[in-house]
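For reference, entry_6.txt (compact mmCIF, N, CA, C and O atoms):
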# COMPACT_ATOMS: atom_id res chain seq x y z
N PRO A 283 -80.49 -74.34 48.71
CA PRO A 283 -81.90 -74.57 48.95
C PRO A 283 -82.64 -73.26 49.17
O PRO A 283 -82.06 -72.28 49.61
N SER A 284 -83.91 -73.29 48.91
CA SER A 284 -84.71 -72.08 49.13
C SER A 284 -84.88 -71.86 50.62
O SER A 284 -84.65 -72.74 51.44
N GLY A 285 -85.33 -70.66 50.97
CA GLY A 285 -85.55 -70.33 52.38
C GLY A 285 -86.54 -71.27 53.03
O GLY A 285 -86.37 -71.69 54.17
N SER A 286 -87.62 -71.63 52.31
CA SER A 286 -88.62 -72.51 52.90
C SER A 286 -88.06 -73.93 53.06
O SER A 286 -88.38 -74.61 54.04
N ALA A 287 -87.21 -74.39 52.15
CA ALA A 287 -86.60 -75.72 52.28
C ALA A 287 -85.64 -75.73 53.47
O ALA A 287 -85.61 -76.70 54.23
N ALA A 288 -84.89 -74.67 53.64
CA ALA A 288 -83.96 -74.58 54.78
C ALA A 288 -84.74 -74.56 56.09
O ALA A 288 -84.38 -75.24 57.06
N ALA A 289 -85.83 -73.82 56.14
CA ALA A 289 -86.65 -73.75 57.35
C ALA A 289 -87.27 -75.11 57.67
O ALA A 289 -87.32 -75.51 58.84
N ALA A 290 -87.71 -75.82 56.65
CA ALA A 290 -88.29 -77.16 56.86
C ALA A 290 -87.22 -78.13 57.37
O ALA A 290 -87.49 -78.96 58.25
N PHE A 291 -86.00 -78.02 56.85
CA PHE A 291 -84.90 -78.88 57.31
C PHE A 291 -84.61 -78.62 58.79
O PHE A 291 -84.52 -79.55 59.59
N VAL A 292 -84.47 -77.35 59.16
CA VAL A 292 -84.17 -76.99 60.55
C VAL A 292 -85.30 -77.45 61.47
O VAL A 292 -85.06 -78.01 62.54
N ALA A 293 -86.55 -77.28 61.05
CA ALA A 293 -87.69 -77.71 61.87
C ALA A 293 -87.68 -79.23 62.06
O ALA A 293 -87.92 -79.73 63.17
N GLY A 294 -87.39 -79.98 61.00
CA GLY A 294 -87.34 -81.44 61.09
C GLY A 294 -86.24 -81.93 62.02
O GLY A 294 -86.46 -82.82 62.86
N ILE A 295 -85.06 -81.35 61.90
CA ILE A 295 -83.93 -81.73 62.77
C ILE A 295 -84.25 -81.36 64.22
O ILE A 295 -84.01 -82.15 65.14
N SER A 296 -84.82 -80.19 64.43
CA SER A 296 -85.18 -79.76 65.79
C SER A 296 -86.18 -80.72 66.42
O SER A 296 -86.06 -81.07 67.59
N ARG A 297 -87.14 -81.18 65.64
CA ARG A 297 -88.15 -82.12 66.14
C ARG A 297 -87.51 -83.46 66.49
O ARG A 297 -87.79 -84.04 67.52
N ARG A 298 -86.64 -83.95 65.61
CA ARG A 298 -86.03 -85.27 65.83
C ARG A 298 -85.01 -85.27 66.96
O ARG A 298 -84.83 -86.28 67.63
N LEU A 299 -84.32 -84.16 67.16
CA LEU A 299 -83.23 -84.14 68.15
C LEU A 299 -83.60 -83.42 69.44
O LEU A 299 -82.75 -83.31 70.33
N GLY A 300 -84.83 -82.94 69.55
CA GLY A 300 -85.24 -82.27 70.78
C GLY A 300 -85.03 -83.17 71.98
O GLY A 300 -85.45 -84.31 72.00
N GLY A 301 -84.32 -82.67 72.98
CA GLY A 301 -84.06 -83.43 74.18
C GLY A 301 -82.87 -84.37 74.10
O GLY A 301 -82.48 -84.97 75.09
N ALA A 302 -82.27 -84.51 72.93
CA ALA A 302 -81.13 -85.41 72.76
C ALA A 302 -79.85 -84.73 73.23
O ALA A 302 -79.73 -83.51 73.21
N ILE A 303 -78.89 -85.55 73.65
CA ILE A 303 -77.54 -85.06 73.93
C ILE A 303 -76.78 -85.15 72.61
O ILE A 303 -76.75 -86.22 71.99
N SER A 304 -76.18 -84.06 72.19
CA SER A 304 -75.45 -84.05 70.92
C SER A 304 -74.10 -83.37 71.13
O SER A 304 -74.02 -82.25 71.64
N ILE A 305 -73.04 -84.07 70.75
CA ILE A 305 -71.68 -83.54 70.85
C ILE A 305 -71.05 -83.67 69.47
O ILE A 305 -71.12 -84.73 68.85
N HIS A 306 -70.44 -82.61 69.00
CA HIS A 306 -69.83 -82.61 67.66
C HIS A 306 -68.46 -81.95 67.79
O HIS A 306 -68.36 -80.78 68.16
N HIS A 307 -67.40 -82.71 67.52
CA HIS A 307 -66.03 -82.20 67.64
C HIS A 307 -65.36 -82.15 66.26
O HIS A 307 -65.48 -83.10 65.50
N CYS A 308 -64.67 -81.08 65.98
CA CYS A 308 -63.77 -80.99 64.83
C CYS A 308 -62.39 -80.72 65.41
O CYS A 308 -62.19 -79.76 66.16
N LEU A 309 -61.44 -81.58 65.08
CA LEU A 309 -60.14 -81.57 65.75
C LEU A 309 -58.99 -81.60 64.76
O LEU A 309 -59.12 -82.12 63.66
N MET A 310 -57.86 -81.12 65.20
CA MET A 310 -56.57 -81.29 64.53
C MET A 310 -56.60 -80.98 63.03
O MET A 310 -56.40 -81.85 62.20
N PRO A 311 -56.84 -79.72 62.65
CA PRO A 311 -56.86 -79.41 61.22
C PRO A 311 -55.48 -79.55 60.59
O PRO A 311 -54.46 -79.30 61.22
N GLU A 312 -55.49 -79.99 59.36
CA GLU A 312 -54.28 -79.98 58.52
C GLU A 312 -54.56 -78.96 57.43
O GLU A 312 -55.42 -79.19 56.58
N ILE A 313 -53.88 -77.84 57.48
CA ILE A 313 -54.12 -76.76 56.52
C ILE A 313 -52.89 -76.60 55.65
O ILE A 313 -51.77 -76.45 56.16
N SER A 314 -53.09 -76.63 54.34
CA SER A 314 -52.00 -76.48 53.37
C SER A 314 -52.28 -75.27 52.51
O SER A 314 -53.40 -75.08 52.03
N PHE A 315 -51.26 -74.46 52.30
CA PHE A 315 -51.39 -73.33 51.39
C PHE A 315 -51.17 -73.84 49.98
O PHE A 315 -50.19 -74.51 49.69
N THR A 316 -52.12 -73.54 49.10
CA THR A 316 -52.08 -74.07 47.73
C THR A 316 -51.74 -72.99 46.71
O THR A 316 -51.66 -73.29 45.52
N GLY A 317 -51.57 -71.78 47.15
CA GLY A 317 -51.22 -70.67 46.27
C GLY A 317 -51.34 -69.38 47.06
O GLY A 317 -51.66 -69.38 48.25
N VAL A 318 -51.11 -68.26 46.40
CA VAL A 318 -51.23 -66.97 47.07
C VAL A 318 -52.70 -66.74 47.39
O VAL A 318 -53.55 -66.75 46.51
N GLY A 319 -53.00 -66.59 48.68
CA GLY A 319 -54.38 -66.34 49.09
C GLY A 319 -55.30 -67.54 48.96
O GLY A 319 -56.51 -67.37 48.93
N ARG A 320 -54.73 -68.73 48.91
CA ARG A 320 -55.56 -69.94 48.77
C ARG A 320 -55.04 -71.01 49.72
O ARG A 320 -53.83 -71.17 49.89
N ALA A 321 -55.97 -71.76 50.32
CA ALA A 321 -55.57 -72.84 51.23
C ALA A 321 -56.63 -73.93 51.21
O ALA A 321 -57.76 -73.72 50.76
N ARG A 322 -56.23 -75.08 51.70
CA ARG A 322 -57.12 -76.23 51.78
C ARG A 322 -56.97 -76.83 53.17
O ARG A 322 -55.86 -76.95 53.69
N GLY A 323 -58.10 -77.21 53.79
CA GLY A 323 -58.07 -77.78 55.13
C GLY A 323 -58.78 -79.10 55.20
O GLY A 323 -59.78 -79.32 54.51
N ILE A 324 -58.25 -79.99 56.02
CA ILE A 324 -58.91 -81.26 56.34
C ILE A 324 -59.01 -81.32 57.85
O ILE A 324 -58.02 -81.17 58.56
N TRP A 325 -60.23 -81.51 58.36
CA TRP A 325 -60.50 -81.56 59.79
C TRP A 325 -61.06 -82.93 60.14
O TRP A 325 -62.01 -83.40 59.51
N SER A 326 -60.51 -83.58 61.16
CA SER A 326 -61.12 -84.82 61.63
C SER A 326 -62.36 -84.45 62.46
O SER A 326 -62.43 -83.39 63.09
N MET A 327 -63.37 -85.33 62.43
CA MET A 327 -64.64 -85.04 63.07
C MET A 327 -65.12 -86.28 63.82
O MET A 327 -64.95 -87.40 63.36
N MET A 328 -65.69 -86.06 65.00
CA MET A 328 -66.33 -87.12 65.77
C MET A 328 -67.62 -86.54 66.33
O MET A 328 -67.65 -85.40 66.79
N ASP A 329 -68.71 -87.30 66.25
CA ASP A 329 -69.94 -86.84 66.87
C ASP A 329 -70.59 -87.96 67.66
O ASP A 329 -70.34 -89.14 67.43
N TYR A 330 -71.38 -87.57 68.63
CA TYR A 330 -72.06 -88.49 69.53
C TYR A 330 -73.48 -87.97 69.72
O TYR A 330 -73.68 -86.77 69.92
N LEU A 331 -74.45 -88.86 69.63
CA LEU A 331 -75.84 -88.48 69.81
C LEU A 331 -76.51 -89.52 70.69
O LEU A 331 -76.41 -90.72 70.41
N GLU A 332 -77.17 -89.08 71.75
CA GLU A 332 -77.89 -89.99 72.64
C GLU A 332 -79.30 -89.45 72.86
O GLU A 332 -79.48 -88.31 73.26
N PHE A 333 -80.29 -90.29 72.58
CA PHE A 333 -81.69 -89.89 72.73
C PHE A 333 -82.16 -90.16 74.16
O PHE A 333 -81.69 -91.11 74.80
N PRO A 334 -83.12 -89.38 74.66
CA PRO A 334 -83.73 -89.70 75.95
C PRO A 334 -84.40 -91.08 75.85
O PRO A 334 -84.76 -91.53 74.77
N PRO A 335 -84.60 -91.76 76.98
CA PRO A 335 -85.17 -93.11 76.95
C PRO A 335 -86.49 -93.23 76.20
O PRO A 335 -86.76 -94.24 75.56
N ASP A 336 -87.31 -92.20 76.21
CA ASP A 336 -88.62 -92.27 75.55
C ASP A 336 -88.63 -91.69 74.14
O ASP A 336 -89.68 -91.50 73.56
N ALA A 337 -87.46 -91.40 73.58
CA ALA A 337 -87.43 -90.71 72.28
C ALA A 337 -86.52 -91.39 71.27
O ALA A 337 -85.94 -90.73 70.42
N ALA A 338 -86.43 -92.70 71.32
CA ALA A 338 -85.63 -93.41 70.31
C ALA A 338 -86.24 -93.20 68.93
O ALA A 338 -87.46 -93.07 68.80
N PRO A 339 -85.42 -93.15 67.88
CA PRO A 339 -85.96 -92.92 66.53
C PRO A 339 -86.84 -94.08 66.07
O PRO A 339 -86.60 -95.24 66.41
N ARG A 340 -87.87 -93.76 65.29
CA ARG A 340 -88.77 -94.80 64.75
C ARG A 340 -88.02 -95.83 63.93
O ARG A 340 -88.35 -97.00 63.92
N GLU A 341 -86.98 -95.37 63.19
CA GLU A 341 -86.25 -96.27 62.30
C GLU A 341 -85.49 -97.34 63.07
O GLU A 341 -85.18 -98.39 62.53
N ALA A 342 -85.12 -97.06 64.33
CA ALA A 342 -84.35 -98.01 65.13
C ALA A 342 -84.76 -97.85 66.60
O ALA A 342 -84.03 -97.29 67.40
N PRO A 343 -85.96 -98.33 66.96
CA PRO A 343 -86.46 -98.09 68.31
C PRO A 343 -85.59 -98.67 69.42
O PRO A 343 -85.65 -98.22 70.55
N GLU A 344 -84.75 -99.67 69.09
CA GLU A 344 -83.86 -100.26 70.10
C GLU A 344 -82.62 -99.40 70.33
O GLU A 344 -81.87 -99.61 71.27
N SER A 345 -82.40 -98.42 69.47
CA SER A 345 -81.19 -97.61 69.54
C SER A 345 -81.38 -96.44 70.50
O SER A 345 -82.39 -95.77 70.49
N ARG A 346 -80.39 -96.20 71.32
CA ARG A 346 -80.39 -95.04 72.20
C ARG A 346 -79.55 -93.92 71.61
O ARG A 346 -79.56 -92.81 72.11
N GLY A 347 -78.77 -94.21 70.57
CA GLY A 347 -77.93 -93.17 69.99
C GLY A 347 -76.87 -93.77 69.10
O GLY A 347 -76.94 -94.93 68.72
N PHE A 348 -75.90 -92.95 68.75
CA PHE A 348 -74.82 -93.43 67.90
C PHE A 348 -73.60 -92.52 68.02
O PHE A 348 -73.69 -91.41 68.51
N MET A 349 -72.48 -93.04 67.54
CA MET A 349 -71.24 -92.28 67.45
C MET A 349 -70.81 -92.34 65.98
O MET A 349 -70.87 -93.38 65.35
N GLY A 350 -70.40 -91.22 65.47
CA GLY A 350 -69.95 -91.16 64.08
C GLY A 350 -68.59 -90.48 64.00
O GLY A 350 -68.13 -89.85 64.95
N TYR A 351 -67.96 -90.62 62.87
CA TYR A 351 -66.65 -90.00 62.66
C TYR A 351 -66.40 -89.85 61.19
O TYR A 351 -67.04 -90.49 60.35
N GLY A 352 -65.46 -88.99 60.85
CA GLY A 352 -65.12 -88.76 59.45
C GLY A 352 -64.23 -87.53 59.32
O GLY A 352 -63.52 -87.16 60.25
N TYR A 353 -64.31 -86.90 58.16
CA TYR A 353 -63.47 -85.74 57.85
C TYR A 353 -64.29 -84.69 57.14
O TYR A 353 -65.21 -84.99 56.40
N TYR A 354 -63.93 -83.45 57.37
CA TYR A 354 -64.42 -82.33 56.57
C TYR A 354 -63.26 -81.87 55.71
O TYR A 354 -62.14 -81.73 56.19
N GLU A 355 -63.53 -81.61 54.44
CA GLU A 355 -62.53 -81.04 53.54
C GLU A 355 -63.06 -79.68 53.09
O GLU A 355 -64.20 -79.57 52.66
N GLU A 356 -62.22 -78.66 53.22
CA GLU A 356 -62.64 -77.29 52.91
C GLU A 356 -61.58 -76.58 52.09
O GLU A 356 -60.42 -76.94 52.13
N GLU A 357 -62.02 -75.54 51.38
CA GLU A 357 -61.10 -74.66 50.68
C GLU A 357 -61.34 -73.24 51.18
O GLU A 357 -62.47 -72.87 51.50
N TYR A 358 -60.27 -72.48 51.24
CA TYR A 358 -60.33 -71.11 51.74
C TYR A 358 -59.66 -70.18 50.73
O TYR A 358 -58.73 -70.57 50.03
N VAL A 359 -60.16 -68.94 50.68
CA VAL A 359 -59.54 -67.90 49.86
C VAL A 359 -59.42 -66.64 50.70
O VAL A 359 -60.22 -66.38 51.60
N ARG A 360 -58.38 -65.88 50.39
CA ARG A 360 -58.17 -64.62 51.10
C ARG A 360 -58.50 -63.48 50.15
O ARG A 360 -57.93 -63.38 49.06
N ALA A 361 -59.44 -62.64 50.57
CA ALA A 361 -59.84 -61.49 49.77
C ALA A 361 -59.93 -60.28 50.69
O ALA A 361 -60.52 -60.37 51.77
N ASP A 362 -59.34 -59.19 50.28
CA ASP A 362 -59.34 -57.95 51.08
C ASP A 362 -58.81 -58.20 52.49
O ASP A 362 -59.32 -57.65 53.47
N GLY A 363 -57.81 -59.09 52.61
CA GLY A 363 -57.16 -59.35 53.89
C GLY A 363 -57.93 -60.27 54.82
O GLY A 363 -57.55 -60.46 55.96
N VAL A 364 -59.04 -60.86 54.34
CA VAL A 364 -59.87 -61.72 55.19
C VAL A 364 -59.96 -63.11 54.57
O VAL A 364 -60.24 -63.24 53.38
N TRP A 365 -59.72 -64.15 55.39
CA TRP A 365 -59.87 -65.53 54.92
C TRP A 365 -61.34 -65.92 54.98
O TRP A 365 -62.02 -65.68 55.96
N ARG A 366 -61.80 -66.56 53.89
CA ARG A 366 -63.21 -67.00 53.81
C ARG A 366 -63.27 -68.42 53.23
O ARG A 366 -62.38 -68.84 52.51
N PHE A 367 -64.37 -69.08 53.51
CA PHE A 367 -64.63 -70.38 52.89
C PHE A 367 -64.92 -70.16 51.42
O PHE A 367 -65.55 -69.20 51.03
N ARG A 368 -64.47 -71.10 50.60
CA ARG A 368 -64.77 -71.04 49.17
C ARG A 368 -65.84 -72.06 48.87
O ARG A 368 -65.85 -73.15 49.33
Can you turn what I pasted into structure tokens?
Amino acid sequence: PSGSAAAAFVAGISRRLGGAISIHHCLMPEISFTGVGRARGIWSMMDYLEFPPDAAPREAPESRGFMGYGYYEEEYVRADGVWRFR
């Protein structure tokens, strides 16, 4: 995304989540080496979001928050002795 699109995204999220309790965990990675200088990782993820009593989202005014879960899948490469995301 362009710089202005990224800035608009961050501003929107900041506005919607201001004052909310937000917890985001990534746990127990499974990392496999797939070749010389290459690896793949899968991370389990759990997040929790709770809005202040006066700040429930318009889409679900009865909701105080939510819990989510899932996985992140990533690839890594090693270049010049440093591991980086691919």
(request) Looking only at strand (DSSP E) from DSSP on the backbone, list the matching residues of chain A as a VMD selection string. (result) chain A and resid 303 to 317 320 to 332 347 to 361 364 to 367
(request) Find, counting all atoms listed in the file, the residue in A:Gly300, A:Tyr358, A:Pro335, A:Val292 that gets nearest to Phe315 (chain A). (result) A:Tyr358
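Here atom O of Trp365 (chain A) stands at a distance of 10.3 Å from CA of Gly319 (chain A).
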(message) Please return, as a list of chain:residue names, all residues of chain A that DSSP assigns to helix (DSSP H, G or I) on the basis of the backbone.
(response) A:Gly285, A:Ser286, A:Ala287, A:Ala288, A:Ala289, A:Ala290, A:Phe291, A:Val292, A:Ala293, A:Gly294, A:Ile295, A:Ser296, A:Arg297, A:Arg298, A:Leu299
(request) Could you tell me which of A:Ala287, A:Gly317, A:His307, A:Arg322 comes closest to Glu357 (chain A) if we count only N, CA, C and O atoms? (result) A:Arg322
(request) Could you check which of A:Gly352, A:Gly285, A:Gly294, A:Gly347 is closest to Ile324 (chain A), using only N, CA, C and O atoms? (result) A:Gly352
(message) Taking 5 positions as the minimum chain separation for residues in the same chain, which residues sit within 7 Å of Glu356 (chain A) when counting all atoms listed in the file? Answer as a VMD selection string.
(response) chain A and resid 321 to 325 367 to 368
Spatial sel., origin (-70.4, -89.7, 59.7), limit 8 Å, only C-alpha atoms, listed as a short mmCIF file (atom, residue, chain, number, x, y, z; two decimals) with N, CA, C and O atoms, in the frame of the given file:
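Generated file (selection_29.cif):
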data_model
loop_
_atom_site.label_atom_id
_atom_site.label_comp_id
_atom_site.auth_asym_id
_atom_site.auth_seq_id
_atom_site.Cartn_x
_atom_site.Cartn_y
_atom_site.Cartn_z
N MET A 328 -65.69 -86.06 65.00
CA MET A 328 -66.33 -87.12 65.77
C MET A 328 -67.62 -86.54 66.33
O MET A 328 -67.65 -85.40 66.79
N ASP A 329 -68.71 -87.30 66.25
CA ASP A 329 -69.94 -86.84 66.87
C ASP A 329 -70.59 -87.96 67.66
O ASP A 329 -70.34 -89.14 67.43
N GLY A 350 -70.40 -91.22 65.47
CA GLY A 350 -69.95 -91.16 64.08
C GLY A 350 -68.59 -90.48 64.00
O GLY A 350 -68.13 -89.85 64.95
N TYR A 351 -67.96 -90.62 62.87
CA TYR A 351 -66.65 -90.00 62.66
C TYR A 351 -66.40 -89.85 61.19
O TYR A 351 -67.04 -90.49 60.35
N GLY A 352 -65.46 -88.99 60.85
CA GLY A 352 -65.12 -88.76 59.45
C GLY A 352 -64.23 -87.53 59.32
O GLY A 352 -63.52 -87.16 60.25
#
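Across the model, the gap from atom N of Met349 (chain A) to atom N of Ser304 (chain A) is 10.8 Å.
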(request) State, in Å with one decimal place, the distance from CA of Met327 (chain A) to CA of Ser314 (chain A). (result) 18.1 Å
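Considering the residues A:Val318, A:Ser326, A:Ala290, A:His306 and counting all atoms listed in the file, Tyr353 (chain A) has its shortest atom-to-atom contact with A:Ser326.
Among the candidates A:Tyr354, A:Ala289, A:Asp362, A:Arg346, the residue lying nearest to Leu309 (chain A) is A:Tyr354 (atoms considered: only C-alpha atoms).
Minimum atom-to-atom distances from A:Glu355, A:Ser345, A:Arg360, A:Glu332 to Gly301 (chain A) were compared using all atoms listed in the file, and the lowest value belongs to A:Glu332.
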Kindly reconstruct region 347-358 of chain A with all heavy atoms and present the result as a short mmCIF file (atom, residue, chain, number, x, y, z; two decimals), in the frame of the given file.
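Ended up saving to out_29.cif:
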data_model
loop_
_atom_site.label_atom_id
_atom_site.label_comp_id
_atom_site.auth_asym_id
_atom_site.auth_seq_id
_atom_site.Cartn_x
_atom_site.Cartn_y
_atom_site.Cartn_z
N GLY A 347 -78.77 -94.21 70.57
CA GLY A 347 -77.93 -93.17 69.99
C GLY A 347 -76.87 -93.77 69.10
O GLY A 347 -76.94 -94.93 68.72
N PHE A 348 -75.90 -92.95 68.75
CA PHE A 348 -74.82 -93.43 67.90
C PHE A 348 -73.60 -92.52 68.02
O PHE A 348 -73.69 -91.41 68.51
CB PHE A 348 -75.26 -93.55 66.44
CG PHE A 348 -75.67 -92.24 65.81
CD1 PHE A 348 -74.73 -91.41 65.23
CD2 PHE A 348 -76.99 -91.85 65.81
CE1 PHE A 348 -75.10 -90.22 64.65
CE2 PHE A 348 -77.37 -90.66 65.23
CZ PHE A 348 -76.43 -89.85 64.65
N MET A 349 -72.48 -93.04 67.54
CA MET A 349 -71.24 -92.28 67.45
C MET A 349 -70.81 -92.34 65.98
O MET A 349 -70.87 -93.38 65.35
CB MET A 349 -70.15 -92.87 68.33
CG MET A 349 -68.89 -92.04 68.34
SD MET A 349 -67.59 -92.66 69.42
CE MET A 349 -68.43 -92.70 70.99
N GLY A 350 -70.40 -91.22 65.47
CA GLY A 350 -69.95 -91.16 64.08
C GLY A 350 -68.59 -90.48 64.00
O GLY A 350 -68.13 -89.85 64.95
N TYR A 351 -67.96 -90.62 62.87
CA TYR A 351 -66.65 -90.00 62.66
C TYR A 351 -66.40 -89.85 61.19
O TYR A 351 -67.04 -90.49 60.35
CB TYR A 351 -65.55 -90.83 63.31
CG TYR A 351 -65.57 -92.28 62.91
CD1 TYR A 351 -64.89 -92.72 61.79
CD2 TYR A 351 -66.32 -93.21 63.63
CE1 TYR A 351 -64.93 -94.05 61.40
CE2 TYR A 351 -66.36 -94.54 63.25
CZ TYR A 351 -65.67 -94.95 62.14
OH TYR A 351 -65.71 -96.26 61.75
N GLY A 352 -65.46 -88.99 60.85
CA GLY A 352 -65.12 -88.76 59.45
C GLY A 352 -64.23 -87.53 59.32
O GLY A 352 -63.52 -87.16 60.25
N TYR A 353 -64.31 -86.90 58.16
CA TYR A 353 -63.47 -85.74 57.85
C TYR A 353 -64.29 -84.69 57.14
O TYR A 353 -65.21 -84.99 56.40
CB TYR A 353 -62.31 -86.13 56.94
CG TYR A 353 -61.32 -87.04 57.59
CD1 TYR A 353 -61.45 -88.42 57.51
CD2 TYR A 353 -60.25 -86.52 58.31
CE1 TYR A 353 -60.55 -89.27 58.11
CE2 TYR A 353 -59.34 -87.36 58.93
CZ TYR A 353 -59.49 -88.73 58.82
OH TYR A 353 -58.60 -89.55 59.44
N TYR A 354 -63.93 -83.45 57.37
CA TYR A 354 -64.42 -82.33 56.57
C TYR A 354 -63.26 -81.87 55.71
O TYR A 354 -62.14 -81.73 56.19
CB TYR A 354 -64.85 -81.15 57.45
CG TYR A 354 -66.12 -81.37 58.22
CD1 TYR A 354 -66.11 -81.52 59.59
CD2 TYR A 354 -67.35 -81.39 57.56
CE1 TYR A 354 -67.28 -81.70 60.31
CE2 TYR A 354 -68.53 -81.58 58.26
CZ TYR A 354 -68.48 -81.72 59.63
OH TYR A 354 -69.64 -81.89 60.33
N GLU A 355 -63.53 -81.61 54.44
CA GLU A 355 -62.53 -81.04 53.54
C GLU A 355 -63.06 -79.68 53.09
O GLU A 355 -64.20 -79.57 52.66
CB GLU A 355 -62.30 -81.94 52.34
CG GLU A 355 -61.69 -83.27 52.73
CD GLU A 355 -61.33 -84.12 51.53
OE1 GLU A 355 -60.95 -83.55 50.49
OE2 GLU A 355 -61.44 -85.34 51.65
N GLU A 356 -62.22 -78.66 53.22
CA GLU A 356 -62.64 -77.29 52.91
C GLU A 356 -61.58 -76.58 52.09
O GLU A 356 -60.42 -76.94 52.13
CB GLU A 356 -62.87 -76.50 54.21
CG GLU A 356 -63.87 -77.14 55.13
CD GLU A 356 -63.96 -76.46 56.48
OE1 GLU A 356 -62.96 -75.90 56.96
OE2 GLU A 356 -65.05 -76.50 57.04
N GLU A 357 -62.02 -75.54 51.38
CA GLU A 357 -61.10 -74.66 50.68
C GLU A 357 -61.34 -73.24 51.18
O GLU A 357 -62.47 -72.87 51.50
CB GLU A 357 -61.34 -74.74 49.17
CG GLU A 357 -60.94 -76.07 48.59
CD GLU A 357 -61.04 -76.09 47.07
OE1 GLU A 357 -61.02 -75.02 46.45
OE2 GLU A 357 -61.15 -77.20 46.54
N TYR A 358 -60.27 -72.48 51.24
CA TYR A 358 -60.33 -71.11 51.74
C TYR A 358 -59.66 -70.18 50.73
O TYR A 358 -58.73 -70.57 50.03
CB TYR A 358 -59.58 -70.98 53.07
CG TYR A 358 -59.87 -72.09 54.05
CD1 TYR A 358 -58.95 -73.13 54.22
CD2 TYR A 358 -61.04 -72.12 54.80
CE1 TYR A 358 -59.20 -74.16 55.12
CE2 TYR A 358 -61.30 -73.15 55.70
CZ TYR A 358 -60.37 -74.16 55.85
OH TYR A 358 -60.61 -75.18 56.73
#
